[in-house]
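Enquirer: Input file: structure.cif. Contents: mmCIF, N, CA and C atoms, pLDDT in the B column; chains and numbers go by the auth columns.
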data_work
loop_
_atom_site.group_PDB
_atom_site.id
_atom_site.type_symbol
_atom_site.label_atom_id
_atom_site.label_comp_id
_atom_site.label_asym_id
_atom_site.label_seq_id
_atom_site.Cartn_x
_atom_site.Cartn_y
_atom_site.Cartn_z
_atom_site.B_iso_or_equiv
_atom_site.auth_seq_id
_atom_site.auth_asym_id
ATOM 1 N N MET A 1 0.844 -1.169 0.000 47.00 1 U
ATOM 2 C CA MET A 1 0.000 0.000 0.000 47.00 1 U
ATOM 3 C C MET A 1 0.887 1.228 0.000 47.00 1 U
ATOM 4 N N LYS A 2 0.596 2.160 -0.870 51.00 2 U
ATOM 5 C CA LYS A 2 1.365 3.396 -0.927 51.00 2 U
ATOM 6 C C LYS A 2 0.699 4.440 -0.043 51.00 2 U
ATOM 7 N N GLY A 3 1.487 5.381 0.409 52.00 3 U
ATOM 8 C CA GLY A 3 0.951 6.448 1.235 52.00 3 U
ATOM 9 C C GLY A 3 1.960 7.556 1.339 52.00 3 U
ATOM 10 N N GLY A 4 1.710 8.504 2.215 49.00 4 U
ATOM 11 C CA GLY A 4 2.652 9.596 2.404 49.00 4 U
ATOM 12 C C GLY A 4 2.161 10.860 1.738 49.00 4 U
ATOM 13 N N SER A 5 2.864 11.929 2.004 46.00 5 U
ATOM 14 C CA SER A 5 2.504 13.210 1.419 46.00 5 U
ATOM 15 C C SER A 5 3.275 13.402 0.129 46.00 5 U
ATOM 16 N N ALA A 6 2.964 14.463 -0.577 51.00 6 U
ATOM 17 C CA ALA A 6 3.597 14.729 -1.869 51.00 6 U
ATOM 18 C C ALA A 6 5.111 14.892 -1.733 51.00 6 U
ATOM 19 N N ASP A 7 5.583 15.417 -0.593 65.00 7 U
ATOM 20 C CA ASP A 7 7.018 15.630 -0.433 65.00 7 U
ATOM 21 C C ASP A 7 7.730 14.430 0.188 65.00 7 U
ATOM 22 N N ARG A 8 7.006 13.433 0.652 71.00 8 U
ATOM 23 C CA ARG A 8 7.605 12.242 1.269 71.00 8 U
ATOM 24 C C ARG A 8 6.918 10.993 0.711 71.00 8 U
ATOM 25 N N PRO A 9 7.368 10.496 -0.436 87.00 9 U
ATOM 26 C CA PRO A 9 6.737 9.296 -0.994 87.00 9 U
ATOM 27 C C PRO A 9 7.041 8.076 -0.134 87.00 9 U
ATOM 28 N N LEU A 10 5.997 7.422 0.363 92.00 10 U
ATOM 29 C CA LEU A 10 6.152 6.284 1.265 92.00 10 U
ATOM 30 C C LEU A 10 5.444 5.059 0.703 92.00 10 U
ATOM 31 N N ILE A 11 6.005 3.905 1.017 92.00 11 U
ATOM 32 C CA ILE A 11 5.322 2.641 0.762 92.00 11 U
ATOM 33 C C ILE A 11 5.180 1.971 2.117 92.00 11 U
ATOM 34 N N ARG A 12 3.956 1.598 2.439 93.00 12 U
ATOM 35 C CA ARG A 12 3.691 0.924 3.711 93.00 12 U
ATOM 36 C C ARG A 12 3.296 -0.517 3.429 93.00 12 U
ATOM 37 N N PHE A 13 3.853 -1.430 4.208 89.00 13 U
ATOM 38 C CA PHE A 13 3.498 -2.840 4.105 89.00 13 U
ATOM 39 C C PHE A 13 3.683 -3.467 5.475 89.00 13 U
ATOM 40 N N GLY A 14 2.609 -4.045 5.986 90.00 14 U
ATOM 41 C CA GLY A 14 2.636 -4.599 7.335 90.00 14 U
ATOM 42 C C GLY A 14 3.020 -3.527 8.332 90.00 14 U
ATOM 43 N N ALA A 15 3.967 -3.852 9.205 93.00 15 U
ATOM 44 C CA ALA A 15 4.441 -2.906 10.217 93.00 15 U
ATOM 45 C C ALA A 15 5.537 -2.001 9.679 93.00 15 U
ATOM 46 N N PHE A 16 5.859 -2.137 8.393 94.00 16 U
ATOM 47 C CA PHE A 16 6.973 -1.410 7.801 94.00 16 U
ATOM 48 C C PHE A 16 6.531 -0.204 6.988 94.00 16 U
ATOM 49 N N GLU A 17 7.441 0.750 6.897 95.00 17 U
ATOM 50 C CA GLU A 17 7.251 1.954 6.087 95.00 17 U
ATOM 51 C C GLU A 17 8.593 2.273 5.429 95.00 17 U
ATOM 52 N N LEU A 18 8.587 2.400 4.113 93.00 18 U
ATOM 53 C CA LEU A 18 9.801 2.697 3.369 93.00 18 U
ATOM 54 C C LEU A 18 9.647 4.064 2.728 93.00 18 U
ATOM 55 N N ASP A 19 10.544 4.976 3.084 93.00 19 U
ATOM 56 C CA ASP A 19 10.575 6.313 2.494 93.00 19 U
ATOM 57 C C ASP A 19 11.373 6.218 1.202 93.00 19 U
ATOM 58 N N LEU A 20 10.725 6.406 0.075 89.00 20 U
ATOM 59 C CA LEU A 20 11.387 6.246 -1.214 89.00 20 U
ATOM 60 C C LEU A 20 12.402 7.344 -1.494 89.00 20 U
ATOM 61 N N GLU A 21 12.225 8.479 -0.879 90.00 21 U
ATOM 62 C CA GLU A 21 13.148 9.594 -1.104 90.00 21 U
ATOM 63 C C GLU A 21 14.454 9.408 -0.332 90.00 21 U
ATOM 64 N N THR A 22 14.349 9.049 0.924 90.00 22 U
ATOM 65 C CA THR A 22 15.534 8.910 1.773 90.00 22 U
ATOM 66 C C THR A 22 16.024 7.464 1.862 90.00 22 U
ATOM 67 N N GLU A 23 15.212 6.526 1.377 88.00 23 U
ATOM 68 C CA GLU A 23 15.499 5.093 1.448 88.00 23 U
ATOM 69 C C GLU A 23 15.628 4.618 2.892 88.00 23 U
ATOM 70 N N GLU A 24 14.871 5.238 3.790 93.00 24 U
ATOM 71 C CA GLU A 24 14.851 4.818 5.189 93.00 24 U
ATOM 72 C C GLU A 24 13.721 3.830 5.395 93.00 24 U
ATOM 73 N N LEU A 25 14.023 2.757 6.092 95.00 25 U
ATOM 74 C CA LEU A 25 13.041 1.738 6.434 95.00 25 U
ATOM 75 C C LEU A 25 12.731 1.863 7.917 95.00 25 U
ATOM 76 N N ARG A 26 11.464 1.847 8.237 96.00 26 U
ATOM 77 C CA ARG A 26 11.034 1.900 9.636 96.00 26 U
ATOM 78 C C ARG A 26 10.074 0.754 9.909 96.00 26 U
ATOM 79 N N LYS A 27 10.207 0.185 11.102 95.00 27 U
ATOM 80 C CA LYS A 27 9.274 -0.843 11.556 95.00 27 U
ATOM 81 C C LYS A 27 8.582 -0.312 12.791 95.00 27 U
ATOM 82 N N SER A 28 7.273 -0.159 12.706 95.00 28 U
ATOM 83 C CA SER A 28 6.478 0.414 13.798 95.00 28 U
ATOM 84 C C SER A 28 7.065 1.748 14.242 95.00 28 U
ATOM 85 N N GLY A 29 7.558 2.533 13.280 94.00 29 U
ATOM 86 C CA GLY A 29 8.096 3.862 13.552 94.00 29 U
ATOM 87 C C GLY A 29 9.563 3.892 13.941 94.00 29 U
ATOM 88 N N VAL A 30 10.175 2.731 14.161 96.00 30 U
ATOM 89 C CA VAL A 30 11.575 2.662 14.583 96.00 30 U
ATOM 90 C C VAL A 30 12.450 2.438 13.351 96.00 30 U
ATOM 91 N N LEU A 31 13.482 3.265 13.213 96.00 31 U
ATOM 92 C CA LEU A 31 14.389 3.159 12.083 96.00 31 U
ATOM 93 C C LEU A 31 15.119 1.821 12.108 96.00 31 U
ATOM 94 N N VAL A 32 15.109 1.134 10.958 95.00 32 U
ATOM 95 C CA VAL A 32 15.782 -0.150 10.793 95.00 32 U
ATOM 96 C C VAL A 32 16.944 0.070 9.832 95.00 32 U
ATOM 97 N N HIS A 33 18.128 -0.385 10.211 93.00 33 U
ATOM 98 C CA HIS A 33 19.288 -0.203 9.344 93.00 33 U
ATOM 99 C C HIS A 33 19.150 -1.069 8.099 93.00 33 U
ATOM 100 N N LEU A 34 19.248 -0.444 6.943 93.00 34 U
ATOM 101 C CA LEU A 34 19.248 -1.147 5.673 93.00 34 U
ATOM 102 C C LEU A 34 20.183 -0.384 4.743 93.00 34 U
ATOM 103 N N PRO A 35 21.275 -1.018 4.314 93.00 35 U
ATOM 104 C CA PRO A 35 22.231 -0.338 3.432 93.00 35 U
ATOM 105 C C PRO A 35 21.562 0.151 2.144 93.00 35 U
ATOM 106 N N PRO A 36 22.188 1.099 1.464 91.00 36 U
ATOM 107 C CA PRO A 36 21.576 1.720 0.273 91.00 36 U
ATOM 108 C C PRO A 36 21.175 0.745 -0.836 91.00 36 U
ATOM 109 N N GLN A 37 22.037 -0.192 -1.196 91.00 37 U
ATOM 110 C CA GLN A 37 21.713 -1.101 -2.309 91.00 37 U
ATOM 111 C C GLN A 37 20.496 -1.971 -1.980 91.00 37 U
ATOM 112 N N PRO A 38 20.439 -2.630 -0.814 95.00 38 U
ATOM 113 C CA PRO A 38 19.243 -3.387 -0.465 95.00 38 U
ATOM 114 C C PRO A 38 17.997 -2.500 -0.368 95.00 38 U
ATOM 115 N N ALA A 39 18.157 -1.260 0.083 94.00 39 U
ATOM 116 C CA ALA A 39 17.014 -0.345 0.154 94.00 39 U
ATOM 117 C C ALA A 39 16.465 -0.065 -1.243 94.00 39 U
ATOM 118 N N LYS A 40 17.337 0.061 -2.219 93.00 40 U
ATOM 119 C CA LYS A 40 16.907 0.272 -3.605 93.00 40 U
ATOM 120 C C LYS A 40 16.163 -0.952 -4.136 93.00 40 U
ATOM 121 N N VAL A 41 16.683 -2.137 -3.827 94.00 41 U
ATOM 122 C CA VAL A 41 16.025 -3.381 -4.258 94.00 41 U
ATOM 123 C C VAL A 41 14.655 -3.478 -3.610 94.00 41 U
ATOM 124 N N LEU A 42 14.575 -3.223 -2.307 95.00 42 U
ATOM 125 C CA LEU A 42 13.296 -3.271 -1.599 95.00 42 U
ATOM 126 C C LEU A 42 12.312 -2.263 -2.183 95.00 42 U
ATOM 127 N N ALA A 43 12.776 -1.055 -2.475 93.00 43 U
ATOM 128 C CA ALA A 43 11.895 -0.031 -3.049 93.00 43 U
ATOM 129 C C ALA A 43 11.350 -0.494 -4.400 93.00 43 U
ATOM 130 N N LEU A 44 12.191 -1.088 -5.217 94.00 44 U
ATOM 131 C CA LEU A 44 11.745 -1.577 -6.521 94.00 44 U
ATOM 132 C C LEU A 44 10.701 -2.673 -6.350 94.00 44 U
ATOM 133 N N LEU A 45 10.978 -3.636 -5.481 93.00 45 U
ATOM 134 C CA LEU A 45 10.037 -4.736 -5.274 93.00 45 U
ATOM 135 C C LEU A 45 8.723 -4.244 -4.658 93.00 45 U
ATOM 136 N N ALA A 46 8.822 -3.368 -3.663 91.00 46 U
ATOM 137 C CA ALA A 46 7.619 -2.865 -2.989 91.00 46 U
ATOM 138 C C ALA A 46 6.791 -1.961 -3.890 91.00 46 U
ATOM 139 N N SER A 47 7.416 -1.395 -4.907 90.00 47 U
ATOM 140 C CA SER A 47 6.697 -0.531 -5.855 90.00 47 U
ATOM 141 C C SER A 47 5.885 -1.331 -6.874 90.00 47 U
ATOM 142 N N HIS A 48 6.051 -2.650 -6.847 92.00 48 U
ATOM 143 C CA HIS A 48 5.340 -3.530 -7.781 92.00 48 U
ATOM 144 C C HIS A 48 4.574 -4.612 -7.014 92.00 48 U
ATOM 145 N N PRO A 49 3.649 -4.211 -6.125 90.00 49 U
ATOM 146 C CA PRO A 49 2.949 -5.222 -5.314 90.00 49 U
ATOM 147 C C PRO A 49 2.148 -6.183 -6.188 90.00 49 U
ATOM 148 N N GLY A 50 2.263 -7.459 -5.858 92.00 50 U
ATOM 149 C CA GLY A 50 1.511 -8.477 -6.574 92.00 50 U
ATOM 150 C C GLY A 50 2.046 -8.800 -7.951 92.00 50 U
ATOM 151 N N GLN A 51 3.191 -8.221 -8.312 96.00 51 U
ATOM 152 C CA GLN A 51 3.775 -8.454 -9.627 96.00 51 U
ATOM 153 C C GLN A 51 5.120 -9.159 -9.480 96.00 51 U
ATOM 154 N N VAL A 52 5.467 -9.906 -10.505 95.00 52 U
ATOM 155 C CA VAL A 52 6.780 -10.529 -10.553 95.00 52 U
ATOM 156 C C VAL A 52 7.756 -9.516 -11.148 95.00 52 U
ATOM 157 N N VAL A 53 8.861 -9.296 -10.461 95.00 53 U
ATOM 158 C CA VAL A 53 9.925 -8.426 -10.975 95.00 53 U
ATOM 159 C C VAL A 53 11.089 -9.353 -11.319 95.00 53 U
ATOM 160 N N SER A 54 11.437 -9.395 -12.577 94.00 54 U
ATOM 161 C CA SER A 54 12.481 -10.325 -13.021 94.00 54 U
ATOM 162 C C SER A 54 13.861 -9.887 -12.527 94.00 54 U
ATOM 163 N N ARG A 55 14.761 -10.846 -12.455 91.00 55 U
ATOM 164 C CA ARG A 55 16.136 -10.544 -12.076 91.00 55 U
ATOM 165 C C ARG A 55 16.741 -9.558 -13.069 91.00 55 U
ATOM 166 N N GLU A 56 16.400 -9.714 -14.344 89.00 56 U
ATOM 167 C CA GLU A 56 16.926 -8.814 -15.370 89.00 56 U
ATOM 168 C C GLU A 56 16.436 -7.384 -15.142 89.00 56 U
ATOM 169 N N GLU A 57 15.164 -7.226 -14.787 93.00 57 U
ATOM 170 C CA GLU A 57 14.630 -5.890 -14.504 93.00 57 U
ATOM 171 C C GLU A 57 15.325 -5.281 -13.277 93.00 57 U
ATOM 172 N N ILE A 58 15.564 -6.102 -12.266 92.00 58 U
ATOM 173 C CA ILE A 58 16.270 -5.613 -11.077 92.00 58 U
ATOM 174 C C ILE A 58 17.683 -5.186 -11.460 92.00 58 U
ATOM 175 N N ARG A 59 18.361 -6.019 -12.243 89.00 59 U
ATOM 176 C CA ARG A 59 19.720 -5.683 -12.667 89.00 59 U
ATOM 177 C C ARG A 59 19.739 -4.359 -13.422 89.00 59 U
ATOM 178 N N GLN A 60 18.822 -4.188 -14.360 89.00 60 U
ATOM 179 C CA GLN A 60 18.779 -2.958 -15.164 89.00 60 U
ATOM 180 C C GLN A 60 18.476 -1.737 -14.291 89.00 60 U
ATOM 181 N N GLN A 61 17.478 -1.864 -13.407 90.00 61 U
ATOM 182 C CA GLN A 61 17.036 -0.728 -12.596 90.00 61 U
ATOM 183 C C GLN A 61 18.042 -0.338 -11.514 90.00 61 U
ATOM 184 N N ILE A 62 18.669 -1.329 -10.894 87.00 62 U
ATOM 185 C CA ILE A 62 19.530 -1.052 -9.741 87.00 62 U
ATOM 186 C C ILE A 62 20.999 -0.957 -10.131 87.00 62 U
ATOM 187 N N TRP A 63 21.484 -1.893 -10.913 82.00 63 U
ATOM 188 C CA TRP A 63 22.900 -1.922 -11.266 82.00 63 U
ATOM 189 C C TRP A 63 23.193 -1.245 -12.600 82.00 63 U
ATOM 190 N N GLY A 64 22.242 -1.257 -13.518 80.00 64 U
ATOM 191 C CA GLY A 64 22.443 -0.621 -14.817 80.00 64 U
ATOM 192 C C GLY A 64 23.384 -1.413 -15.715 80.00 64 U
ATOM 193 N N ASN A 65 23.600 -0.905 -16.899 74.00 65 U
ATOM 194 C CA ASN A 65 24.433 -1.587 -17.889 74.00 65 U
ATOM 195 C C ASN A 65 25.916 -1.287 -17.720 74.00 65 U
ATOM 196 N N GLU A 66 26.239 -0.218 -17.042 70.00 66 U
ATOM 197 C CA GLU A 66 27.629 0.224 -16.939 70.00 66 U
ATOM 198 C C GLU A 66 28.378 -0.411 -15.778 70.00 66 U
ATOM 199 N N THR A 67 27.659 -1.038 -14.856 64.00 67 U
ATOM 200 C CA THR A 67 28.288 -1.599 -13.669 64.00 67 U
ATOM 201 C C THR A 67 28.534 -3.080 -13.881 64.00 67 U
ATOM 202 N N PHE A 68 29.744 -3.509 -13.614 65.00 68 U
ATOM 203 C CA PHE A 68 30.097 -4.912 -13.768 65.00 68 U
ATOM 204 C C PHE A 68 30.382 -5.501 -12.389 65.00 68 U
ATOM 205 N N VAL A 69 29.447 -6.281 -11.904 69.00 69 U
ATOM 206 C CA VAL A 69 29.588 -6.932 -10.602 69.00 69 U
ATOM 207 C C VAL A 69 29.111 -8.373 -10.749 69.00 69 U
ATOM 208 N N ALA A 70 29.381 -9.170 -9.733 81.00 70 U
ATOM 209 C CA ALA A 70 28.830 -10.519 -9.682 81.00 70 U
ATOM 210 C C ALA A 70 27.364 -10.352 -9.293 81.00 70 U
ATOM 211 N N PHE A 71 26.524 -10.133 -10.298 82.00 71 U
ATOM 212 C CA PHE A 71 25.137 -9.740 -10.059 82.00 71 U
ATOM 213 C C PHE A 71 24.384 -10.715 -9.169 82.00 71 U
ATOM 214 N N ASP A 72 24.434 -12.004 -9.472 84.00 72 U
ATOM 215 C CA ASP A 72 23.667 -12.972 -8.690 84.00 72 U
ATOM 216 C C ASP A 72 24.069 -12.942 -7.221 84.00 72 U
ATOM 217 N N GLN A 73 25.359 -12.894 -6.954 87.00 73 U
ATOM 218 C CA GLN A 73 25.830 -12.812 -5.565 87.00 73 U
ATOM 219 C C GLN A 73 25.376 -11.508 -4.921 87.00 73 U
ATOM 220 N N GLY A 74 25.485 -10.405 -5.662 86.00 74 U
ATOM 221 C CA GLY A 74 25.079 -9.103 -5.128 86.00 74 U
ATOM 222 C C GLY A 74 23.603 -9.052 -4.800 86.00 74 U
ATOM 223 N N LEU A 75 22.777 -9.574 -5.710 90.00 75 U
ATOM 224 C CA LEU A 75 21.334 -9.570 -5.468 90.00 75 U
ATOM 225 C C LEU A 75 20.983 -10.492 -4.307 90.00 75 U
ATOM 226 N N ASN A 76 21.574 -11.666 -4.270 91.00 76 U
ATOM 227 C CA ASN A 76 21.311 -12.596 -3.163 91.00 76 U
ATOM 228 C C ASN A 76 21.697 -11.974 -1.821 91.00 76 U
ATOM 229 N N HIS A 77 22.814 -11.265 -1.793 92.00 77 U
ATOM 230 C CA HIS A 77 23.248 -10.592 -0.557 92.00 77 U
ATOM 231 C C HIS A 77 22.244 -9.501 -0.161 92.00 77 U
ATOM 232 N N CYS A 78 21.763 -8.739 -1.133 92.00 78 U
ATOM 233 C CA CYS A 78 20.764 -7.697 -0.853 92.00 78 U
ATOM 234 C C CYS A 78 19.492 -8.303 -0.263 92.00 78 U
ATOM 235 N N ILE A 79 19.013 -9.395 -0.859 93.00 79 U
ATOM 236 C CA ILE A 79 17.799 -10.042 -0.372 93.00 79 U
ATOM 237 C C ILE A 79 18.004 -10.565 1.042 93.00 79 U
ATOM 238 N N LYS A 80 19.180 -11.105 1.324 95.00 80 U
ATOM 239 C CA LYS A 80 19.479 -11.579 2.684 95.00 80 U
ATOM 240 C C LYS A 80 19.417 -10.418 3.682 95.00 80 U
ATOM 241 N N GLN A 81 19.974 -9.267 3.298 95.00 81 U
ATOM 242 C CA GLN A 81 19.957 -8.093 4.191 95.00 81 U
ATOM 243 C C GLN A 81 18.534 -7.576 4.389 95.00 81 U
ATOM 244 N N ILE A 82 17.718 -7.627 3.349 94.00 82 U
ATOM 245 C CA ILE A 82 16.318 -7.202 3.468 94.00 82 U
ATOM 246 C C ILE A 82 15.584 -8.128 4.429 94.00 82 U
ATOM 247 N N ARG A 83 15.782 -9.428 4.270 93.00 83 U
ATOM 248 C CA ARG A 83 15.126 -10.403 5.154 93.00 83 U
ATOM 249 C C ARG A 83 15.562 -10.232 6.601 93.00 83 U
ATOM 250 N N THR A 84 16.850 -9.955 6.805 93.00 84 U
ATOM 251 C CA THR A 84 17.358 -9.743 8.157 93.00 84 U
ATOM 252 C C THR A 84 16.704 -8.512 8.805 93.00 84 U
ATOM 253 N N ALA A 85 16.568 -7.468 8.007 88.00 85 U
ATOM 254 C CA ALA A 85 15.955 -6.232 8.518 88.00 85 U
ATOM 255 C C ALA A 85 14.507 -6.480 8.883 88.00 85 U
#
When written as structure tokens, how does the structure in this file appear?

Expert:
Amino acid sequence: MKGGSADRPLIRFGAFELDLETEELRKSGVLVHLPPQPAKVLALLASHPGQVVSREEIRQQIWGNETFVAFDQGLNHCIKQIRTA
């Protein structure tokens, strides 16, 4: 569910709230540490509720064509950090 004011775009899901502008994640109002890359992945996934987001779409949106990394390892690490948070 999306929410927030025009100057603070928020996505709310369960007890969580993700500020899309600052990439801050809060649980029941308490700030939860989430590094920038996992926050970007979470924002992308949360922006597509009920939809499948392909690994290729995540790679394009988050890493882009110019970045050369071990994508599968990087994405798996991001998902692990999101789950931990």

Enquirer: Using only N, CA and C atoms, determine which residues lie at most 6.5 Å from range 31-48 of chain U, disregarding the query and same-chain residues fewer than 3 positions distant; provide the list as a ChimeraX atom specification.

Expert: /U:23-27,51-52,78-79,81-82,85

Enquirer: DSSP on the backbone, strand (DSSP E) only: what residues of chain U does that give? Format it as a list in words.

Expert: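 Checking each residue of chain U, the strand (DSSP E) ones are Lys2, Gly3, Leu10, Ile11, Arg12, Phe13, Phe16, Glu17, Leu18, Asp19, Glu24, Leu25, Arg26, Lys27, Val30, Leu31 and Val32 of chain U.
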
Enquirer: So what do you get for CA of Trp63 in chain U versus CA of Ile11 in chain U, distance-wise?

Expert: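 Value for the CA of Trp63 in chain U-CA of Ile11 in chain U distance: 21.8 Å.
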
Enquirer: Please indicate the distance in Å from CA of Pro9 in chain U to CA of Leu75 in chain U, rounded to one decimal place.

Expert: 24.3 Å

Enquirer: Just the number, please: distance in Å from CA of Thr84 in chain U to CA of Asp72 in chain U, one decimal.

Expert: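 Taking CA of Thr84 in chain U as the start and CA of Asp72 in chain U as the end point, the length is 18.3 Å.
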
Enquirer: Pick out each residue of chain U that DSSP on the backbone tags as helix (DSSP H, G or I); I need them as a PyMOL selection string.

Expert: chain U and resi 36-46+55-63+71-84

Enquirer: Could you list the residues chosen by the PyMOL selection byres ((chain U and resi 16) around 5) in this structure as JSON, numbers by chain?

Expert: {"U": [12, 13, 14, 15, 17, 18, 26, 27, 28]}

Enquirer: Given 5 Å on each side, where is the centre and what are the edge lengths in Å to one decimal of the axis-aligned box enclosing the listed atoms of range 56-73 of chain U, as AutoDock Vina command-line options?

Expert:
--center_x 22.5 --center_y -6.4 --center_z -11.4 --size_x 25.8 --size_y 23.2 --size_z 23.0

Enquirer: Could you rebuild range 49-57 of chain U with all heavy atoms and give it back as a PDB file, in the coordinates of the input?

Expert:
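This is the output file result.pdb:
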ATOM      1  N   PRO U  49       3.649  -4.211  -6.125  1.00 90.00           N
ATOM      2  CA  PRO U  49       2.949  -5.222  -5.314  1.00 90.00           C
ATOM      3  C   PRO U  49       2.148  -6.183  -6.188  1.00 90.00           C
ATOM      4  O   PRO U  49       1.500  -5.780  -7.151  1.00 90.00           O
ATOM      5  CB  PRO U  49       2.029  -4.385  -4.417  1.00 90.00           C
ATOM      6  CG  PRO U  49       1.833  -3.107  -5.148  1.00 90.00           C
ATOM      7  CD  PRO U  49       3.118  -2.869  -5.903  1.00 90.00           C
ATOM      8  N   GLY U  50       2.263  -7.459  -5.858  1.00 92.00           N
ATOM      9  CA  GLY U  50       1.511  -8.477  -6.574  1.00 92.00           C
ATOM     10  C   GLY U  50       2.046  -8.800  -7.951  1.00 92.00           C
ATOM     11  O   GLY U  50       1.435  -9.564  -8.691  1.00 92.00           O
ATOM     12  N   GLN U  51       3.191  -8.221  -8.312  1.00 96.00           N
ATOM     13  CA  GLN U  51       3.775  -8.454  -9.627  1.00 96.00           C
ATOM     14  C   GLN U  51       5.120  -9.159  -9.480  1.00 96.00           C
ATOM     15  O   GLN U  51       5.818  -8.999  -8.484  1.00 96.00           O
ATOM     16  CB  GLN U  51       4.007  -7.128 -10.358  1.00 96.00           C
ATOM     17  CG  GLN U  51       2.758  -6.334 -10.626  1.00 96.00           C
ATOM     18  CD  GLN U  51       3.086  -4.984 -11.267  1.00 96.00           C
ATOM     19  OE1 GLN U  51       4.225  -4.693 -11.600  1.00 96.00           O
ATOM     20  NE2 GLN U  51       2.064  -4.162 -11.423  1.00 96.00           N
ATOM     21  N   VAL U  52       5.467  -9.906 -10.505  1.00 95.00           N
ATOM     22  CA  VAL U  52       6.780 -10.529 -10.553  1.00 95.00           C
ATOM     23  C   VAL U  52       7.756  -9.516 -11.148  1.00 95.00           C
ATOM     24  O   VAL U  52       7.479  -8.910 -12.179  1.00 95.00           O
ATOM     25  CB  VAL U  52       6.759 -11.805 -11.421  1.00 95.00           C
ATOM     26  CG1 VAL U  52       8.156 -12.363 -11.601  1.00 95.00           C
ATOM     27  CG2 VAL U  52       5.832 -12.848 -10.813  1.00 95.00           C
ATOM     28  N   VAL U  53       8.861  -9.296 -10.461  1.00 95.00           N
ATOM     29  CA  VAL U  53       9.925  -8.426 -10.975  1.00 95.00           C
ATOM     30  C   VAL U  53      11.089  -9.353 -11.319  1.00 95.00           C
ATOM     31  O   VAL U  53      11.639 -10.020 -10.438  1.00 95.00           O
ATOM     32  CB  VAL U  53      10.354  -7.376  -9.925  1.00 95.00           C
ATOM     33  CG1 VAL U  53      11.459  -6.489 -10.475  1.00 95.00           C
ATOM     34  CG2 VAL U  53       9.162  -6.541  -9.485  1.00 95.00           C
ATOM     35  N   SER U  54      11.437  -9.395 -12.577  1.00 94.00           N
ATOM     36  CA  SER U  54      12.481 -10.325 -13.021  1.00 94.00           C
ATOM     37  C   SER U  54      13.861  -9.887 -12.527  1.00 94.00           C
ATOM     38  O   SER U  54      14.095  -8.705 -12.248  1.00 94.00           O
ATOM     39  CB  SER U  54      12.490 -10.429 -14.549  1.00 94.00           C
ATOM     40  OG  SER U  54      12.977  -9.230 -15.123  1.00 94.00           O
ATOM     41  N   ARG U  55      14.761 -10.846 -12.455  1.00 91.00           N
ATOM     42  CA  ARG U  55      16.136 -10.544 -12.076  1.00 91.00           C
ATOM     43  C   ARG U  55      16.741  -9.558 -13.069  1.00 91.00           C
ATOM     44  O   ARG U  55      17.508  -8.674 -12.695  1.00 91.00           O
ATOM     45  CB  ARG U  55      16.957 -11.831 -12.002  1.00 91.00           C
ATOM     46  CG  ARG U  55      16.573 -12.711 -10.820  1.00 91.00           C
ATOM     47  CD  ARG U  55      17.309 -14.033 -10.813  1.00 91.00           C
ATOM     48  NE  ARG U  55      18.601 -13.999 -10.174  1.00 91.00           N
ATOM     49  CZ  ARG U  55      18.817 -14.001  -8.867  1.00 91.00           C
ATOM     50  NH1 ARG U  55      17.807 -14.006  -8.033  1.00 91.00           N
ATOM     51  NH2 ARG U  55      20.036 -13.995  -8.389  1.00 91.00           N
ATOM     52  N   GLU U  56      16.400  -9.714 -14.344  1.00 89.00           N
ATOM     53  CA  GLU U  56      16.926  -8.814 -15.370  1.00 89.00           C
ATOM     54  C   GLU U  56      16.436  -7.384 -15.142  1.00 89.00           C
ATOM     55  O   GLU U  56      17.202  -6.428 -15.272  1.00 89.00           O
ATOM     56  CB  GLU U  56      16.532  -9.301 -16.770  1.00 89.00           C
ATOM     57  CG  GLU U  56      17.046  -8.435 -17.878  1.00 89.00           C
ATOM     58  CD  GLU U  56      18.569  -8.303 -17.936  1.00 89.00           C
ATOM     59  OE1 GLU U  56      19.288  -9.192 -17.438  1.00 89.00           O
ATOM     60  OE2 GLU U  56      19.042  -7.290 -18.486  1.00 89.00           O
ATOM     61  N   GLU U  57      15.164  -7.226 -14.787  1.00 93.00           N
ATOM     62  CA  GLU U  57      14.630  -5.890 -14.504  1.00 93.00           C
ATOM     63  C   GLU U  57      15.325  -5.281 -13.277  1.00 93.00           C
ATOM     64  O   GLU U  57      15.666  -4.099 -13.274  1.00 93.00           O
ATOM     65  CB  GLU U  57      13.126  -5.950 -14.267  1.00 93.00           C
ATOM     66  CG  GLU U  57      12.491  -4.590 -14.084  1.00 93.00           C
ATOM     67  CD  GLU U  57      10.983  -4.634 -13.923  1.00 93.00           C
ATOM     68  OE1 GLU U  57      10.377  -5.697 -14.124  1.00 93.00           O
ATOM     69  OE2 GLU U  57      10.419  -3.580 -13.594  1.00 93.00           O
TER      70      GLU U  57
END
